[in-house]
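Take a look at the structure set out below.
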Amino acid sequence: MTFPGLSTFTKAEYVLSQGISPGKCTIELPQELISGIQATGDLTISYGDESITLPNCLVDSAHIDQSLQGYIGRLTILDRRWLWKFGYISGHYNVRLPSGSNADEGFNSQARAVDGSSTKIRSGTEMAPQDIATQCLQAMGEQNFDVSALPNDARPEIDWSWTNPAEALQALCEGLGCRVTYVIDSDSVTVVAVGQGQPLPDNGLQTFISQGMNPPNTPSSLKLVGGPTIFQGFVNLEAVGIDTDGSIQPINLLSYRPTDGWQSEDPNLFPSFKDAEIRPLVEKSIYKMWRVTSPVYIPNQPGGGADLITQPDQQVHLYDRLVDTHFDPNDPGKTIPKKPEIWGNFDPVFKQTIQSPTTTPGTYKNGITVDGERSLIITEDKLYSVQGGQFFPAEIRIKIAYSARHDDDWEFSRFTQDMQLDSVVETQPQIVHRQEIFLKVVGQFDTKFNFTGYTDNRDTDKLEDEANYYLQAAAQEYIEQDSFDIPYAGLVPIQVDGLIQQVTYSIQSGPGGKTMTRASLATEHNPFVLPWQARRRIERERGDAFRKTDTGRRMHDNIVSSFLGSK
């Protein structure tokens with residue numbers, strides 16, 4: 001074994017495993033030789049006519065231990081995957097929109113004239129997994145790689161901001177049933193499918209064959225959980241105001257409500273309110289602030305039925321958009337959602353001038369602010385009606401997109417899909433999260449705003465097929481396979497892939513010394529290397545720590561400088 005500054009050693013072992021964490025070579029050597037080791041360089045393992053070279057390795061640690069034979073030096077050298085801890089990648093791809101076909105609800109003649117189509121990925125953001133993986137590898141500084149094993153039909157939504165590219169790559173691959181591997185003989189990177197690869201070599205150099213089973217801890221089922229379901233429909237609004245304690249109350253419950261009620265208060269003057277503390281609250285909120293009230297429909301029943309939300313002010317989260325999209329010649333893909341629309345009877349000066357049919361309540365023409373968390377709508381103007389010389393809050397409703405929380409655990413209603421697995425023990429399901437898969441449900445209403453049914457994107461966007469794609473990828477982790485753990489005499493170049501999970505090269509010098517290669521199929525044999533799941537947990541944590549990676553690079557430079565200075 002050679003490495004810059006290494007003149008002799010007593011024992012060495014290099015472990016090659018799947019994934020983005022660097023493989024480690026541990027070397028024992030006379031303590032006095034520690035000071036001569038260089039910080040970086042190529043590590044070469046040779047035996048007879050065979051040799052393996054690992055370029056750009058790094059000394060991770062060097063120290064002196066006490067042993068039965070006295071003092072001994074120990075080195076830990078990382079293969080070149082140590083460089084993958086640095087760098088960054090940013091990008092937002094396959095962006096899902098809450099857009100769908102323009103719904104014909106009997107009010108908007110322009111919407112009726114348009115043949116809408118369902119769109120689920122924003123134009124300009126679509127990117128196939130292999131192309132995303134290529135960007136990650138380029139950000140990692142790689143030039144020689146193969147991503148062809150990565151399934152290319154899925155369109156996972158990606159949202160990376162200064163993210164470690166190696167962690168981003170492995171997370172992408174993991175969701176599609178693949179892993180990242182480092183290929184020594186070509187000094188390249190290959191994405192491999194879990195459970196697919198080459199058998200271990202049968203070359204006559206085997207010293208023992210350990211055959212067994214590596215039964216996975218299989219759950220009874222997998223459950224894909226998507227993003228919050230987005231509904232669109234008409235939601236009733238009640239007039240509310242800001243009370244002196246800052247709370248939001250219906251206007252008739254406000255502490256400063258006029259003795260005779262609001263009916264005699266001209267909204268343009270509010271003559272009763274001259275107090276310097278209360279008048280600003282009146283001007284800011286009365287007839288301008290509205291809160292969601294019953295009924296709010298959650299369409300989810302076969303045949304077009306719906307449930308009713310029991311606590312709309314707490315269970316409903318409003319969005320500042322519709323599911324419907326604009327009919328815009330400059331946006332043929334219909335990717336731009338419409339803004340919410342207020343419908344009802346109020347001062348005609350604030351209504352849109354063109355409505356069809358003319359007997360339909362008008363829509364509000366000016367600005368709307370949506371406070372989604374508090375289920376509040378704020379209008380630019382005071383919306384009220386005058387009846388017999390008295391003033392009343394306008395009877396209005398808003399056409400808007402919203403998500404709904406369950407009344408028991410306050411979790412959002414979400415798209416889910418199950419896949420049963422063959423498990424010997426009954427377990428709870430394993431959860432597979434895919435936020436980009438979500439239902440878009442458009443309620444249908446008659447001209448009196450009565451709920452009549454709904455349409456959704458379950459079939460048009462093929463949600464079940466897309467969910468099944470990710471469930472199948474997750475199920476690959478639970479395929480039971482025969483495992484093999486085979487030691488070979490000498491140096492046998494073996495590449496890890498989707499089946500061969502770990503290879504160890506060990507050398508012991510001096511009298512009685514030997515060189516061995518040990519490889520494992522469908523299992524990992526080395527007790528001193530963290531298993532795959534533990535490595536992935538640490539890699540994810542490391543990716544977060546190095547997200548803004550100038551800091552990460554400076555940290556490692558300091559480590560190397562400290563090591564060189566300590567010599």
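Ligands are numbered from 1 in the order shown, residues from 1 within each chain, and chains are lettered A, B, ... in the order they appear in the structure tokens.
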Which of stretch 43-192 of chain A DSSP labels helix (DSSP H, G or I), written as a ChimeraX atom specification: /A:80-85,109-112,129-139,165-175
Residues of stretch 466-506 of chain A that approach stretch 166-184 of chain A to 7 Å or less, counting only C-alpha atoms: could you list each one with the shortest pair of atoms and its distance in Å to one decimal, rows by chain and increasing residue number, as JSON lines?
{"residue": "A:Tyr470", "atom": "CA", "partner": "A:Leu176", "partner_atom": "CA", "distance": 6.4}
{"residue": "A:Ala473", "atom": "CA", "partner": "A:Gly177", "partner_atom": "CA", "distance": 4.3}
{"residue": "A:Ala474", "atom": "CA", "partner": "A:Gly177", "partner_atom": "CA", "distance": 6.1}
{"residue": "A:Gln476", "atom": "CA", "partner": "A:Gly177", "partner_atom": "CA", "distance": 6.3}
{"residue": "A:Gln495", "atom": "CA", "partner": "A:Val183", "partner_atom": "CA", "distance": 6.4}
{"residue": "A:Val496", "atom": "CA", "partner": "A:Thr181", "partner_atom": "CA", "distance": 6.9}
{"residue": "A:Asp497", "atom": "CA", "partner": "A:Thr181", "partner_atom": "CA", "distance": 6.6}
Store the residues picked out above in a file with N, CA, C and O atoms, as a tab-separated table (two decimals), in the first residue's frame.
chain	number	residue	atom	x	y	z
A	470	TYR	N	-43.82	5.93	-6.97
A	470	TYR	CA	-42.97	6.12	-5.80
A	470	TYR	C	-43.14	5.00	-4.78
A	470	TYR	O	-42.18	4.63	-4.09
A	473	ALA	N	-40.98	2.19	-5.93
A	473	ALA	CA	-39.57	2.48	-5.64
A	473	ALA	C	-39.27	2.21	-4.18
A	473	ALA	O	-38.22	1.62	-3.84
A	474	ALA	N	-40.17	2.63	-3.27
A	474	ALA	CA	-39.96	2.37	-1.85
A	474	ALA	C	-40.00	0.88	-1.53
A	474	ALA	O	-39.27	0.39	-0.66
A	476	GLN	N	-38.88	-1.47	-3.27
A	476	GLN	CA	-37.64	-2.13	-3.66
A	476	GLN	C	-36.73	-2.39	-2.47
A	476	GLN	O	-35.92	-3.33	-2.48
A	495	GLN	N	-16.70	-4.27	-7.91
A	495	GLN	CA	-17.39	-2.98	-7.85
A	495	GLN	C	-18.72	-3.12	-7.12
A	495	GLN	O	-19.49	-4.04	-7.39
A	496	VAL	N	-19.00	-2.20	-6.20
A	496	VAL	CA	-20.32	-2.19	-5.57
A	496	VAL	C	-21.35	-1.73	-6.59
A	496	VAL	O	-21.05	-0.93	-7.49
A	497	ASP	N	-22.57	-2.23	-6.47
A	497	ASP	CA	-23.67	-1.84	-7.35
A	497	ASP	C	-24.96	-1.98	-6.57
A	497	ASP	O	-24.96	-1.87	-5.34
Find the residue from A:Lys339, A:Arg405, A:Arg81, A:Arg96 that sits nearest to A:Gln18; use only C-alpha atoms when measuring.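 Counting only C-alpha atoms, the residue closest to A:Gln18 is A:Arg81.
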Just want the 9 Å neighbourhood of A:Glu380, counted on only C-alpha atoms, with same-chain residues fewer than 2 positions away dropped. Output as a PyMOL selection string. chain A and resi 288+366-369+378+382
Include N, CA and C atoms and write out the residues we just selected as a PDB file, in the first residue's frame.
ATOM      1  N   LYS A 288     -64.945  46.225   5.890  1.00  0.00           N
ATOM      2  CA  LYS A 288     -63.766  45.900   5.082  1.00  0.00           C
ATOM      3  C   LYS A 288     -63.156  44.553   5.460  1.00  0.00           C
ATOM      4  N   ASN A 366     -62.350  45.687  -7.002  1.00  0.00           N
ATOM      5  CA  ASN A 366     -61.105  46.239  -6.463  1.00  0.00           C
ATOM      6  C   ASN A 366     -60.319  45.206  -5.651  1.00  0.00           C
ATOM      7  N   GLY A 367     -59.327  45.706  -4.892  1.00  0.00           N
ATOM      8  CA  GLY A 367     -58.359  44.818  -4.288  1.00  0.00           C
ATOM      9  C   GLY A 367     -58.875  43.987  -3.125  1.00  0.00           C
ATOM     10  N   ILE A 368     -58.315  42.755  -3.029  1.00  0.00           N
ATOM     11  CA  ILE A 368     -58.637  41.816  -1.954  1.00  0.00           C
ATOM     12  C   ILE A 368     -57.323  41.346  -1.332  1.00  0.00           C
ATOM     13  N   THR A 369     -57.254  41.351  -0.001  1.00  0.00           N
ATOM     14  CA  THR A 369     -56.118  40.789   0.721  1.00  0.00           C
ATOM     15  C   THR A 369     -56.582  39.541   1.460  1.00  0.00           C
ATOM     16  N   ILE A 378     -59.775  40.866   3.514  1.00  0.00           N
ATOM     17  CA  ILE A 378     -59.854  42.317   3.689  1.00  0.00           C
ATOM     18  C   ILE A 378     -60.076  42.947   2.321  1.00  0.00           C
ATOM     19  N   LYS A 382     -65.372  49.589   1.528  1.00  0.00           N
ATOM     20  CA  LYS A 382     -66.433  49.178   2.444  1.00  0.00           C
ATOM     21  C   LYS A 382     -67.590  48.617   1.618  1.00  0.00           C
TER      22      LYS A 382
END
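Residues in contact with A:Pro201 at up to 9 Å, not including ones fewer than 4 positions away on its chain and judged by only C-alpha atoms, are Gln206, Val492 and Ile494 of chain A.
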Dump of all heavy atoms for the selected residues, as a tab-separated table (two decimals), in the first residue's frame:
chain	number	residue	atom	x	y	z
A	206	GLN	N	-12.01	-17.99	-3.67
A	206	GLN	CA	-12.83	-17.90	-2.47
A	206	GLN	C	-12.23	-18.78	-1.38
A	206	GLN	O	-11.85	-19.94	-1.63
A	206	GLN	CB	-14.27	-18.35	-2.74
A	206	GLN	CG	-14.99	-17.56	-3.82
A	206	GLN	CD	-14.91	-18.23	-5.18
A	206	GLN	OE1	-13.85	-18.74	-5.55
A	206	GLN	NE2	-16.01	-18.24	-5.92
A	492	VAL	N	-8.90	-8.74	-5.34
A	492	VAL	CA	-9.89	-9.01	-6.39
A	492	VAL	C	-10.70	-7.74	-6.60
A	492	VAL	O	-11.52	-7.38	-5.75
A	492	VAL	CB	-10.81	-10.18	-6.00
A	492	VAL	CG1	-11.81	-10.45	-7.13
A	492	VAL	CG2	-10.01	-11.43	-5.69
A	494	ILE	N	-13.58	-5.65	-7.24
A	494	ILE	CA	-15.03	-5.87	-7.26
A	494	ILE	C	-15.71	-4.53	-7.08
A	494	ILE	O	-15.34	-3.75	-6.20
A	494	ILE	CB	-15.47	-6.84	-6.14
A	494	ILE	CG1	-14.79	-8.21	-6.32
A	494	ILE	CG2	-16.99	-7.01	-6.14
A	494	ILE	CD1	-15.08	-9.18	-5.17
Using only C-alpha atoms: which of A:Gln472, A:Thr416, A:Ser264, A:Thr8 has the shortest distance to A:Lys223: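 Answer, going by the shortest atom-to-atom distance: A:Thr416.
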Name the closest residue to A:Asn457 among the candidates A:Leu58, A:Ile437, A:Pro258, A:Lys351; distances are taken between atoms, counting only C-alpha atoms.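 Nearest candidate to A:Asn457 out of A:Leu58, A:Ile437, A:Pro258, A:Lys351: A:Ile437.
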Pick out the residues sitting within 10 Å of stretch 48-50 of chain A, and hand them over as a list in words; count only C-alpha atoms, and ignore anything fewer than 6 positions along from it in its own chain.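 My reading of the contact set: Gly490, Leu491, Val492 and Pro493 of chain A.
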Please report, as a VMD selection string, each residue of stretch 313-466 of chain A to which DSSP assigns strand (DSSP E) when run on this structure's backbone. chain A and resid 316 to 318 341 to 345 362 to 363 368 to 371 376 to 379 384 to 387 390 to 393 395 to 404 414 to 420 430 to 434 440 to 445 451 to 456
Could you name the residues that touch stretch 143-160 of chain A at 9 Å or less, counting only C-alpha atoms, but leaving out those on the same chain fewer than 2 positions away, as a ChimeraX atom specification? /A:89-96,121,126-134,137-138,141,162-164,168,172-173,175-179,186-193,434-437,466,469-470
Coordinates-based distance that separates atom CA of A:Thr229 from atom CA of A:Thr310 (Å, one decimal): 17.8 Å
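For A:Ser46, the list of residues within 10 Å, based on only C-alpha atoms and with local chain neighbours fewer than 5 positions off taken out, reads Met1, Thr2, Ser51, Ile52, Thr53, Gly490, Leu491, Ile507 and Thr515 of chain A.
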Just to confirm, what's the straight-line distance from atom CA of A:Tyr478 to atom CA of A:Pro219 in Å (one decimal)?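 Calculated distance between atom CA of A:Tyr478 and atom CA of A:Pro219 is 8.6 Å.
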Between A:Pro337, A:Leu318, A:Pro348, A:Phe9, single out the one closest to A:Gly513, counting only C-alpha atoms.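 Going through A:Pro337, A:Leu318, A:Pro348, A:Phe9 one by one, the smallest distance to A:Gly513 is for A:Phe9.
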Point out the residue among A:Gly5, A:Gly510, A:Pro393, A:Pro429 with the least atom-to-atom distance to A:Ser221, counting only C-alpha atoms.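 Answer, going by the shortest atom-to-atom distance: A:Pro429.
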